[in-house]
file input18.cif (mmCIF, C-alpha atoms and all ligand atoms)
data_target
#
loop_
_atom_site.label_atom_id
_atom_site.label_comp_id
_atom_site.auth_asym_id
_atom_site.auth_seq_id
_atom_site.Cartn_x
_atom_site.Cartn_y
_atom_site.Cartn_z
CA MET A 202 0.00 0.00 0.00
CA ARG A 203 1.14 3.51 -0.79
CA ILE A 204 0.11 5.93 1.92
CA ILE A 205 0.53 9.68 2.24
CA GLY A 206 0.74 10.98 5.82
CA ILE A 207 -0.02 14.65 6.52
CA MET A 208 0.87 16.27 9.80
CA SER A 209 0.70 19.75 11.23
CA GLY A 210 1.87 20.00 14.80
CA THR A 211 1.29 22.45 17.61
CA SER A 212 3.82 24.88 16.04
CA HIS A 213 1.49 25.23 13.00
CA ASP A 214 4.62 26.26 11.08
CA ALA A 215 4.14 24.03 8.05
CA ILE A 216 2.18 21.08 6.72
CA ASP A 217 4.48 18.07 6.72
CA VAL A 218 3.77 15.49 4.02
CA ALA A 219 5.45 12.09 3.78
CA ALA A 220 4.71 9.18 1.47
CA ALA A 221 5.60 5.57 2.10
CA GLU A 222 5.14 2.23 0.47
CA PHE A 223 4.29 -0.56 2.89
CA THR A 224 4.92 -4.23 2.18
CA HIS A 225 3.94 -6.90 4.66
CA THR A 226 5.51 -10.33 4.37
CA GLY A 227 5.26 -12.81 7.21
CA ALA A 228 6.24 -11.07 10.42
CA GLU A 229 8.01 -8.18 8.67
CA LEU A 230 6.48 -4.85 7.74
CA ARG A 231 8.68 -2.88 5.37
CA LEU A 232 8.27 0.90 5.17
CA LYS A 233 9.92 2.32 2.07
CA PRO A 234 10.07 6.12 2.35
CA LEU A 235 9.11 7.76 -0.95
CA GLY A 236 10.02 11.23 0.26
CA ASP A 237 8.65 14.14 2.22
CA LEU A 238 7.71 17.80 1.78
CA ALA A 239 7.10 20.72 4.11
CA VAL A 240 4.36 22.91 2.65
CA GLU A 241 4.31 26.40 4.13
CA TYR A 242 1.06 27.56 5.66
CA ASP A 243 -0.54 30.56 3.99
CA PRO A 244 0.22 33.39 6.50
CA ASP A 245 -3.46 34.45 6.66
CA LEU A 246 -4.57 30.92 7.44
CA ARG A 247 -1.85 30.49 10.04
CA ALA A 248 -2.92 33.75 11.68
CA ALA A 249 -6.54 32.56 11.69
CA VAL A 250 -5.48 29.32 13.42
CA VAL A 251 -3.48 31.23 16.03
CA ALA A 252 -6.37 33.65 16.62
CA ALA A 253 -8.78 30.77 17.28
CA LEU A 254 -6.59 28.93 19.79
CA PRO A 255 -7.38 28.97 23.49
CA PRO A 256 -7.48 30.96 25.67
CA ALA A 257 -8.94 33.18 22.88
CA LYS A 258 -12.70 33.02 22.37
CA THR A 259 -14.01 31.94 18.99
CA THR A 260 -17.34 31.26 17.32
CA ILE A 261 -18.84 28.17 15.69
CA GLY A 262 -18.86 30.13 12.43
CA ASP A 263 -15.11 30.71 12.67
CA VAL A 264 -14.55 27.06 13.53
CA CYS A 265 -16.51 26.00 10.44
CA GLU A 266 -14.54 28.41 8.26
CA LEU A 267 -11.20 27.23 9.65
CA ASP A 268 -12.19 23.58 9.19
CA ALA A 269 -12.91 24.19 5.50
CA ARG A 270 -9.86 26.39 4.86
CA LEU A 271 -7.53 23.93 6.59
CA GLY A 272 -9.16 21.07 4.67
CA ARG A 273 -8.41 22.85 1.40
CA ALA A 274 -4.81 23.55 2.51
CA PHE A 275 -4.27 19.91 3.51
CA GLY A 276 -5.92 18.84 0.23
CA ALA A 277 -3.47 20.97 -1.76
CA ALA A 278 -0.55 19.59 0.27
CA ALA A 279 -1.75 16.00 -0.23
CA ALA A 280 -2.15 16.61 -3.98
CA ARG A 281 1.45 17.83 -4.11
CA GLY A 282 2.53 14.71 -2.22
CA LEU A 283 0.63 12.52 -4.65
CA ALA A 284 2.17 14.19 -7.70
CA GLU A 285 5.71 14.84 -6.42
CA LEU A 286 6.35 11.85 -4.17
CA CYS A 287 4.07 9.11 -5.56
CA ASP A 288 3.99 9.58 -9.36
CA GLY A 289 0.25 10.09 -9.01
CA ARG A 290 -0.43 6.67 -7.50
CA ALA A 291 -1.39 6.11 -3.86
CA ASP A 292 -4.02 4.19 -1.90
CA LEU A 293 -4.78 6.34 1.11
CA VAL A 294 -4.17 9.73 2.70
CA VAL A 295 -3.86 9.94 6.48
CA SER A 296 -4.48 13.43 7.81
CA HIS A 297 -3.79 14.29 11.42
CA GLY A 298 -5.40 17.72 11.05
CA GLN A 299 -4.59 20.84 13.03
CA THR A 300 -5.21 20.40 16.73
CA VAL A 301 -7.22 23.34 18.06
CA PHE A 302 -8.27 21.80 21.35
CA HIS A 303 -7.35 18.80 23.47
CA TRP A 304 -9.84 18.62 26.32
CA VAL A 305 -8.06 17.36 29.44
CA ALA A 306 -9.61 17.65 32.88
CA ASP A 307 -8.67 15.85 36.11
CA GLY A 308 -5.80 14.14 34.30
CA ARG A 309 -8.14 12.52 31.77
CA ALA A 310 -8.77 13.38 28.14
CA HIS A 311 -12.46 13.83 27.38
CA GLY A 312 -12.28 15.04 23.80
CA THR A 313 -10.01 16.39 21.11
CA LEU A 314 -10.54 18.51 18.01
CA GLN A 315 -8.37 18.49 14.91
CA LEU A 316 -9.62 20.67 12.08
CA GLY A 317 -9.09 20.18 8.33
CA GLN A 318 -12.26 18.78 6.75
CA PRO A 319 -11.20 15.49 5.07
CA ALA A 320 -13.79 15.82 2.26
CA TRP A 321 -11.56 18.53 0.75
CA ILE A 322 -8.55 16.21 0.84
CA ALA A 323 -10.57 13.44 -0.81
CA ALA A 324 -11.79 15.91 -3.44
CA ALA A 325 -8.28 17.21 -4.15
CA THR A 326 -6.68 13.78 -4.49
CA GLY A 327 -9.55 11.41 -5.33
CA LEU A 328 -8.18 9.20 -2.53
CA ALA A 329 -9.80 7.84 0.61
CA VAL A 330 -8.80 9.81 3.70
CA LEU A 331 -8.30 8.63 7.25
CA SER A 332 -8.69 11.47 9.75
CA ASP A 333 -9.56 12.16 13.40
CA LEU A 334 -7.13 9.52 14.64
CA ARG A 335 -7.19 10.50 18.30
CA SER A 336 -10.87 10.18 19.19
CA ALA A 337 -11.11 6.38 19.16
CA ASP A 338 -8.41 6.12 21.81
CA ILE A 339 -10.14 8.73 23.96
CA ALA A 340 -13.40 6.80 23.63
CA ALA A 341 -11.46 3.78 24.91
CA GLY A 342 -10.47 5.76 28.03
CA GLY A 343 -7.06 6.93 26.75
CA GLN A 344 -5.39 10.32 26.36
CA GLY A 345 -5.68 10.13 22.56
CA ALA A 346 -1.95 10.83 22.63
CA PRO A 347 0.78 10.13 21.99
CA LEU A 348 0.16 8.12 18.80
CA VAL A 349 3.65 8.22 17.28
CA PRO A 350 5.08 5.61 19.73
CA VAL A 351 3.78 2.77 17.56
CA LEU A 352 6.47 3.74 15.01
CA ASP A 353 9.11 4.44 17.67
CA ALA A 354 8.49 1.08 19.34
CA ALA A 355 8.67 -0.61 15.92
CA LEU A 356 12.11 0.94 15.21
CA LEU A 357 13.91 1.14 18.56
CA ALA A 358 15.75 -1.48 20.57
CA PRO A 359 15.55 -1.90 24.36
CA GLY A 360 17.54 0.81 26.13
CA GLN A 361 16.84 3.32 23.36
CA ALA A 362 14.50 6.31 23.30
CA ALA A 363 12.98 8.65 20.73
CA LEU A 364 12.63 12.36 21.44
CA ASN A 365 10.52 14.67 19.28
CA ILE A 366 11.06 18.38 19.86
CA GLY A 367 8.08 20.07 18.26
CA GLY A 368 5.95 22.78 19.83
CA ILE A 369 5.60 20.25 22.61
CA ALA A 370 8.46 17.83 23.37
CA ASN A 371 7.62 14.17 23.78
CA LEU A 372 9.52 10.96 24.31
CA THR A 373 9.15 7.25 23.75
CA ALA A 374 11.46 5.02 25.79
CA ILE A 375 11.92 1.28 25.48
CA ALA A 376 13.00 -0.31 28.76
CA ALA A 377 15.38 -3.28 28.91
CA ASP A 378 12.38 -5.62 29.24
CA GLY A 379 10.71 -4.03 26.20
CA THR A 380 8.15 -1.98 28.15
CA VAL A 381 7.19 1.17 26.23
CA THR A 382 6.83 4.48 28.08
CA ALA A 383 5.77 7.58 26.16
CA TYR A 384 4.41 10.95 27.13
CA ASP A 385 4.52 14.68 26.50
CA ILE A 386 7.41 16.21 28.44
CA GLY A 387 6.50 19.89 28.21
CA PRO A 388 7.19 22.94 26.03
CA GLY A 389 9.68 21.85 23.42
CA ASN A 390 9.68 25.00 21.29
CA ALA A 391 6.27 26.43 22.25
CA LEU A 392 7.39 28.99 24.83
CA VAL A 393 10.62 29.90 23.02
CA ASP A 394 8.58 30.51 19.86
CA ALA A 395 6.05 32.61 21.78
CA ALA A 396 8.82 34.78 23.25
CA ALA A 397 10.65 35.09 19.90
CA ARG A 398 7.42 36.29 18.31
CA ARG A 399 6.52 38.67 21.08
CA HIS A 400 9.89 40.34 21.64
CA PHE A 401 11.57 40.00 18.23
CA GLY A 402 8.67 39.54 15.79
CA LEU A 403 10.22 36.24 14.69
CA ALA A 404 8.50 32.86 14.27
CA TYR A 405 11.32 31.13 16.16
CA ASP A 406 14.84 31.56 17.49
CA GLU A 407 16.94 30.45 14.50
CA GLY A 408 19.74 28.21 15.71
CA GLY A 409 19.16 29.41 19.27
CA ALA A 410 21.10 32.60 18.38
CA LEU A 411 18.93 34.95 20.46
CA ALA A 412 19.02 32.73 23.52
CA ALA A 413 22.79 32.37 23.15
CA ARG A 414 23.15 36.15 23.66
CA GLY A 415 21.22 36.03 26.94
CA THR A 416 21.88 34.70 30.42
CA VAL A 417 19.67 32.23 32.25
CA ASP A 418 17.72 33.88 35.08
CA GLU A 419 17.92 31.14 37.70
CA ALA A 420 15.09 32.54 39.83
CA LEU A 421 12.78 32.63 36.82
CA LEU A 422 13.89 29.14 35.80
CA ASP A 423 13.01 27.84 39.28
CA ARG A 424 9.56 29.39 39.00
CA LEU A 425 9.06 27.84 35.58
CA LEU A 426 10.23 24.43 36.79
CA ALA A 427 7.60 24.59 39.55
CA GLU A 428 4.93 24.02 36.88
CA PRO A 429 2.86 21.10 38.27
CA TYR A 430 2.58 19.41 34.85
CA TYR A 431 6.22 18.21 35.04
CA ARG A 432 5.48 16.25 38.19
CA LEU A 433 2.32 14.52 36.97
CA PRO A 434 2.80 10.80 36.45
CA ALA A 435 2.68 9.36 32.91
CA PRO A 436 0.59 8.75 30.89
CA LYS A 437 0.07 12.46 30.36
CA SER A 438 -0.36 14.79 27.42
CA THR A 439 -0.31 18.53 27.06
CA GLY A 440 -0.49 21.22 24.42
CA LYS A 441 -0.94 24.88 23.80
CA GLU A 442 -3.97 24.88 26.10
CA LEU A 443 -1.31 25.08 28.81
CA PHE A 444 1.87 26.40 27.12
CA HIS A 445 0.40 29.34 25.20
CA PRO A 446 1.78 32.91 24.89
CA GLY A 447 -0.38 34.01 27.86
CA TYR A 448 1.69 31.63 30.00
CA LEU A 449 4.56 34.13 29.61
CA ASP A 450 2.37 37.10 30.57
CA ALA A 451 1.33 35.31 33.75
CA LEU A 452 5.01 35.24 34.82
CA ASP A 453 4.88 39.03 35.15
CA TRP A 454 8.64 39.13 34.51
CA HIS A 455 10.17 42.27 33.06
CA GLY A 456 13.80 41.50 32.35
CA GLU A 457 15.80 41.56 29.15
CA ALA A 458 14.30 39.66 26.19
CA HIS A 459 17.48 37.67 25.35
CA ASP A 460 17.58 36.50 28.97
CA LEU A 461 13.97 35.35 28.68
CA LEU A 462 14.84 33.28 25.59
CA ALA A 463 17.90 31.84 27.32
CA THR A 464 15.80 30.90 30.33
CA LEU A 465 12.99 29.35 28.27
CA THR A 466 15.53 27.36 26.22
CA GLU A 467 17.09 26.15 29.46
CA LEU A 468 13.62 25.18 30.74
CA SER A 469 13.06 23.00 27.67
CA ALA A 470 16.54 21.49 27.99
CA ALA A 471 16.14 20.81 31.71
CA THR A 472 12.72 19.16 31.44
CA ILE A 473 13.76 17.10 28.40
CA ALA A 474 17.04 15.97 29.99
CA GLU A 475 15.35 15.04 33.26
CA ALA A 476 12.73 12.99 31.40
CA LEU A 477 15.35 11.17 29.31
CA ALA A 478 17.65 10.51 32.26
CA GLY A 479 14.66 9.27 34.24
CA GLN A 480 14.04 6.63 31.57
CA GLY A 481 17.64 5.44 31.72
CA ALA A 482 17.99 5.48 27.93
CA ALA A 483 21.58 5.27 26.67
CA VAL A 484 20.83 6.25 23.08
CA VAL A 485 18.24 8.84 22.10
CA PHE A 486 17.06 9.41 18.52
CA ALA A 487 15.81 12.97 18.17
CA SER A 488 13.44 14.48 15.61
CA GLY A 489 11.31 17.59 15.18
CA GLY A 490 12.23 21.20 14.52
CA GLY A 491 14.08 21.60 17.84
CA VAL A 492 16.80 19.33 16.44
CA HIS A 493 17.89 22.35 14.35
CA ASN A 494 18.64 24.35 17.50
CA PRO A 495 22.26 23.55 18.51
CA LEU A 496 22.03 25.52 21.76
CA LEU A 497 19.01 23.48 22.87
CA ARG A 498 20.76 20.24 21.91
CA SER A 499 23.92 21.06 23.81
CA ARG A 500 21.99 22.19 26.89
CA ILE A 501 20.02 18.90 26.85
CA LEU A 502 23.31 16.98 26.93
CA VAL A 503 24.79 19.16 29.69
CA ARG A 504 21.61 19.01 31.79
CA GLY A 505 21.59 15.24 31.35
CA ASP A 506 25.23 15.01 32.52
CA ARG A 507 25.91 13.34 29.14
CA ARG A 508 24.33 10.15 30.47
CA PHE A 509 22.82 9.56 27.02
CA GLU A 510 23.87 10.01 23.42
CA LEU A 511 21.75 12.33 21.28
CA ARG A 512 21.46 11.07 17.69
CA GLU A 513 18.91 11.75 14.95
CA THR A 514 16.12 9.57 13.52
CA GLY A 515 17.72 10.05 10.08
CA GLU A 516 20.12 7.30 11.18
CA LEU A 517 17.09 4.98 11.33
CA GLY A 518 16.05 6.02 7.81
CA VAL A 519 13.36 8.41 9.00
CA PRO A 520 14.10 12.12 8.29
CA VAL A 521 13.94 14.32 11.41
CA ASP A 522 11.39 16.72 9.93
CA ALA A 523 9.02 14.02 8.72
CA LYS A 524 8.99 11.35 11.44
CA GLU A 525 5.51 12.20 12.62
CA ALA A 526 4.10 12.28 9.08
CA TYR A 527 5.60 8.81 8.47
CA ALA A 528 4.14 7.62 11.77
CA PHE A 529 0.68 8.72 10.63
CA ALA A 530 1.18 6.88 7.35
CA LEU A 531 1.91 3.76 9.43
CA LEU A 532 -1.22 4.36 11.52
CA GLY A 533 -3.19 4.45 8.24
CA TRP A 534 -1.71 1.12 7.16
CA LEU A 535 -2.72 -0.38 10.52
CA THR A 536 -6.31 0.92 10.37
CA ALA A 537 -6.66 -0.22 6.75
CA HIS A 538 -5.81 -3.75 7.94
CA GLY A 539 -8.15 -3.60 10.94
CA LEU A 540 -5.25 -3.34 13.37
CA PRO A 541 -5.00 -1.06 16.42
CA GLY A 542 -2.59 1.87 16.21
CA ALA A 543 -2.76 3.16 19.77
CA LEU A 544 -0.63 1.53 22.46
CA PRO A 545 -2.85 1.35 25.59
CA GLU A 546 0.23 1.23 27.83
CA VAL A 547 1.17 4.73 26.68
CA THR A 548 -2.25 6.33 26.17
CA GLY A 549 -3.80 4.81 29.27
CA ALA A 550 -6.72 3.36 27.30
CA SER A 551 -8.54 0.25 28.48
CA ARG A 552 -8.03 -1.44 25.10
CA ALA A 553 -6.04 -0.96 21.89
CA ALA A 554 -8.26 1.00 19.51
CA VAL A 555 -8.30 0.89 15.72
CA LEU A 556 -7.90 4.58 14.88
CA GLY A 557 -9.58 7.14 12.70
CA SER A 558 -12.60 7.96 10.57
CA LEU A 559 -12.63 7.06 6.88
CA THR A 560 -13.83 9.35 4.10
CA PRO A 561 -14.18 7.60 0.74
CA GLY A 562 -12.42 9.01 -2.33
CA THR A 563 -13.86 9.26 -5.81
CA THR A 564 -13.73 5.47 -6.35
CA PRO A 565 -15.49 2.84 -4.21
CA LEU A 566 -13.79 2.31 -0.84
CA ARG A 567 -11.71 -0.87 -0.97
CA LEU A 568 -9.70 -2.04 2.01
CA PRO A 569 -7.15 -4.84 2.16
CA GLU A 570 -8.02 -8.16 3.82
CA PRO A 571 -7.93 -7.69 7.61
CA LEU A 572 -4.84 -9.04 9.38
CA GLU A 573 -4.75 -10.75 12.79
CA GLY A 574 -1.45 -9.09 13.72
CA TRP A 575 1.64 -7.56 12.18
CA GLY A 576 4.60 -8.32 14.44
CA GLY A 577 5.10 -4.80 15.78
CA ARG A 578 8.45 -4.25 13.99
CA VAL A 579 9.14 -2.04 10.99
CA VAL A 580 12.07 -2.35 8.62
CA VAL A 581 12.81 0.94 6.86
CA GLY A 582 14.14 0.99 3.32
N1 LIG B 601 16.72 26.34 12.44
C1 LIG B 601 16.00 26.30 13.56
N2 LIG B 601 16.48 26.86 14.69
C2 LIG B 601 15.77 26.84 15.83
N3 LIG B 601 14.56 26.29 15.94
C3 LIG B 601 14.02 25.72 14.85
C4 LIG B 601 14.70 25.69 13.60
N4 LIG B 601 13.91 25.05 12.71
C5 LIG B 601 12.78 24.71 13.37
N5 LIG B 601 12.83 25.11 14.65
C6 LIG B 601 11.82 24.96 15.69
O1 LIG B 601 10.98 23.88 15.37
C7 LIG B 601 9.61 24.29 15.38
C8 LIG B 601 8.84 23.46 14.41
O2 LIG B 601 9.05 22.14 14.76
P1 LIG B 601 8.04 20.99 14.35
O3 LIG B 601 8.74 19.70 14.56
O4 LIG B 601 7.51 21.29 12.99
O5 LIG B 601 6.93 21.19 15.45
P2 LIG B 601 5.38 20.89 15.38
O6 LIG B 601 5.27 19.41 15.26
O7 LIG B 601 4.87 21.42 16.68
O8 LIG B 601 4.87 21.64 14.17
C9 LIG B 601 9.67 25.77 15.05
O9 LIG B 601 8.52 26.45 15.52
C10 LIG B 601 10.93 26.19 15.77
O10 LIG B 601 10.68 26.42 17.13
MG MG B 602 5.56 21.66 12.31
#
call {"tool": "encode", "arguments": {"input": "input18.cif", "output": "structure tokens"}}
result
Amino acid sequence: MRIIGIMSGTSHDAIDVAAAEFTHTGAELRLKPLGDLAVEYDPDLRAAVVAALPPAKTTIGDVCELDARLGRAFGAAAARGLAELCDGRADLVVSHGQTVFHWVADGRAHGTLQLGQPAWIAAATGLAVLSDLRSADIAAGGQGAPLVPVLDAALLAPGQAALNIGGIANLTAIAADGTVTAYDIGPGNALVDAAARRHFGLAYDEGGALAARGTVDEALLDRLLAEPYYRLPAPKSTGKELFHPGYLDALDWHGEAHDLLATLTELSAATIAEALAGQGAAVVFASGGGVHNPLLRSRILVRGDRRFELRETGELGVPVDAKEAYAFALLGWLTAHGLPGALPEVTGASRAAVLGSLTPGTTPLRLPEPLEGWGGRVVVG
């Protein structure tokens, strides 16, 4: 099966598109990457997404409009993926959508909303579309997140971990006995981005250059580290409902802007390093936009007393900027075969749910024969 995965994370910086060809023989699932693209968001659409995010108030009319506009944007991105990565031939599009709300209360997820109406993607490509992948896990009592660990667990060996530094940083760790632990650590780039935008009018701190000119304010860092989220037990998930630009206002801190960036970068490094060290992983494969920030990377290693090695998922054959899009392609392959994609041990669900809602394309919906299992391992290449 040829599957196109489309992902836009909490940074809403770009629409990531990855295409893969899956071949299942016996106990082996082979994922052949066909390539990936990052399609820039139209600035007006991005601004409309940002304006609708909590704690801002919005209207049902605006939500409807955003759903349609995002659907058209994802449709255009998927059509580019189909033409440029797949020679016009694919079987399924998997669209994560743009998360606008993840409803968590009392440590439980009760609902989640990703916008990007799949009918537009089906119309733009003619292909069937799998969307809304998180809700089935929530309906099974889970957090609906994280969903990428199914790919991490299929690639990593015991003693290894995967770290994704997107708007939110998350990890997947495989213990010596094979137990999988995965959860959202905290603000990967979210707060640094918010401060870069507010004080410098920039989308992010390129290479960590602004933070590098500042000094960490230890008192502010201590206050930031007191955030209760970091001490919640896993499974746990978070998002911009918590780490939004207003989070910085609430600090009521009026120092120098470079120092704020330095302190927020150190906060991300400290929380990430503590999480990784806590899992006892010796080798960590990193992905996500934060990988392109050398200051953040070096601070993670220093904060972790160099107890782990920080490598990149590219070494596993999965490009750092497209790992999540490939993971969603894998989730599509699993659903198409009637197989669960969520790992209950990481989402906290009572059972392993088959994920997503299917929208037919322009030809009759045809799914492969259901499989009983798939072995849980992926060979890339
Ligand atoms: N060259 C870079 N220097 C510093 N940070 C970067 C760079 N490139 C990307 N980033 C960071 O990565 C973020 C995007 O990462 P991404 O993995 O796409 O996150 P998400 O999944 O939340 O969209 C940007 O907002 C920025 O903070
Ligand atoms: Mg992104």
call {"tool": "axis_aligned_box", "arguments": {"input": "input18.cif", "around": "range 497-508 of chain A", "padding_each_side": "6 Å", "output": "lines of an AutoDock Vina configuration file"}}
result
center_x = 22.5
center_y = 16.8
center_z = 27.2
size_x = 18.9
size_y = 25.3
size_z = 22.6
call {"tool": "closest_atom_pairs", "arguments": {"input": "input18.cif", "of": "chain A", "to": "ligand LIG 601 (chain B)", "cutoff": "6 Å", "atoms": "all atoms listed in the file", "output": "JSON lines"}}
result
{"residue": "A:Ser209", "atom": "CA", "partner": "B:LIG601", "partner_atom": "O8", "distance": 5.4}
{"residue": "A:Gly210", "atom": "CA", "partner": "B:LIG601", "partner_atom": "O8", "distance": 3.5}
{"residue": "A:Thr211", "atom": "CA", "partner": "B:LIG601", "partner_atom": "O7", "distance": 3.8}
{"residue": "A:Ser212", "atom": "CA", "partner": "B:LIG601", "partner_atom": "O7", "distance": 3.7}
{"residue": "A:His213", "atom": "CA", "partner": "B:LIG601", "partner_atom": "O8", "distance": 5.1}
{"residue": "A:Asp214", "atom": "CA", "partner": "B:LIG601", "partner_atom": "O8", "distance": 5.6}
{"residue": "A:Ile366", "atom": "CA", "partner": "B:LIG601", "partner_atom": "O3", "distance": 5.9}
{"residue": "A:Gly367", "atom": "CA", "partner": "B:LIG601", "partner_atom": "O5", "distance": 3.2}
{"residue": "A:Gly368", "atom": "CA", "partner": "B:LIG601", "partner_atom": "O7", "distance": 3.6}
{"residue": "A:Asn390", "atom": "CA", "partner": "B:LIG601", "partner_atom": "O10", "distance": 4.5}
{"residue": "A:Asp394", "atom": "CA", "partner": "B:LIG601", "partner_atom": "O10", "distance": 5.3}
{"residue": "A:Tyr405", "atom": "CA", "partner": "B:LIG601", "partner_atom": "O10", "distance": 4.9}
{"residue": "A:Asp406", "atom": "CA", "partner": "B:LIG601", "partner_atom": "C2", "distance": 5.1}
{"residue": "A:Glu407", "atom": "CA", "partner": "B:LIG601", "partner_atom": "N2", "distance": 3.6}
{"residue": "A:Gly408", "atom": "CA", "partner": "B:LIG601", "partner_atom": "N2", "distance": 3.7}
{"residue": "A:Gly409", "atom": "CA", "partner": "B:LIG601", "partner_atom": "C2", "distance": 5.5}
{"residue": "A:Gly489", "atom": "CA", "partner": "B:LIG601", "partner_atom": "O3", "distance": 3.4}
{"residue": "A:Gly490", "atom": "CA", "partner": "B:LIG601", "partner_atom": "O1", "distance": 3.1}
{"residue": "A:Gly491", "atom": "CA", "partner": "B:LIG601", "partner_atom": "O1", "distance": 4.6}
{"residue": "A:His493", "atom": "CA", "partner": "B:LIG601", "partner_atom": "C1", "distance": 4.4}
{"residue": "A:Asn494", "atom": "CA", "partner": "B:LIG601", "partner_atom": "C2", "distance": 4.2}
call {"tool": "residues_near_point", "arguments": {"input": "input18.cif", "point": "(-7.0, 15.1, -2.7)", "cutoff": "12 Å", "atoms": "only C-alpha atoms", "output": "VMD selection string"}}
result
chain A and resid 205 207 272 to 284 289 to 296 318 to 331 560 to 563
call {"tool": "residues_around", "arguments": {"input": "input18.cif", "residues": "range 220-234 of chain A", "least_positions_apart": "3", "cutoff": "8 Å", "atoms": "all atoms listed in the file", "output": "list of chain:residue names"}}
result
A:Met202, A:Arg203, A:Ile204, A:Ile205, A:Gly206, A:Asp237, A:Gly282, A:Leu286, A:Cys287, A:Val519, A:Tyr527, A:Ala530, A:Trp534, A:Trp575, A:Gly576, A:Arg578, A:Val579, A:Val580, A:Val581, A:Gly582
call {"tool": "atom_distance", "arguments": {"input": "input18.cif", "atom1": "CA of Ser558 in chain A", "atom2": "CA of Ala537 in chain A"}}
result
10.8 Å
call {"tool": "residues_around", "arguments": {"input": "input18.cif", "residues": "Asp263 in chain A", "least_positions_apart": "2", "cutoff": "12 Å", "atoms": "only C-alpha atoms", "output": "VMD selection string"}}
result
chain A and resid 246 249 to 250 252 to 254 258 to 261 265 to 271 316
call {"tool": "closest_residue", "arguments": {"input": "input18.cif", "among": "A:Ala451, A:Leu352, A:Leu238, A:Ile501", "to": "ligand MG 602 (chain B)", "atoms": "only C-alpha atoms and all ligand atoms"}}
result
A:Leu238
call {"tool": "residues_near_point", "arguments": {"input": "input18.cif", "point": "(0.9, 6.7, 27.9)", "cutoff": "8 Å", "atoms": "only C-alpha atoms", "output": "mmCIF file with C-alpha atoms, in the frame of the given file"}}
result
data_model
loop_
_atom_site.group_PDB
_atom_site.id
_atom_site.type_symbol
_atom_site.label_atom_id
_atom_site.label_comp_id
_atom_site.auth_asym_id
_atom_site.auth_seq_id
_atom_site.Cartn_x
_atom_site.Cartn_y
_atom_site.Cartn_z
ATOM 1 C CA GLN A 344 -5.390 10.320 26.360
ATOM 2 C CA ALA A 346 -1.950 10.830 22.630
ATOM 3 C CA PRO A 347 0.780 10.130 21.990
ATOM 4 C CA THR A 382 6.830 4.480 28.080
ATOM 5 C CA ALA A 383 5.770 7.580 26.160
ATOM 6 C CA TYR A 384 4.410 10.950 27.130
ATOM 7 C CA ALA A 435 2.680 9.360 32.910
ATOM 8 C CA PRO A 436 0.590 8.750 30.890
ATOM 9 C CA LYS A 437 0.070 12.460 30.360
ATOM 10 C CA LEU A 544 -0.630 1.530 22.460
ATOM 11 C CA PRO A 545 -2.850 1.350 25.590
ATOM 12 C CA GLU A 546 0.230 1.230 27.830
ATOM 13 C CA VAL A 547 1.170 4.730 26.680
ATOM 14 C CA THR A 548 -2.250 6.330 26.170
ATOM 15 C CA GLY A 549 -3.800 4.810 29.270
#
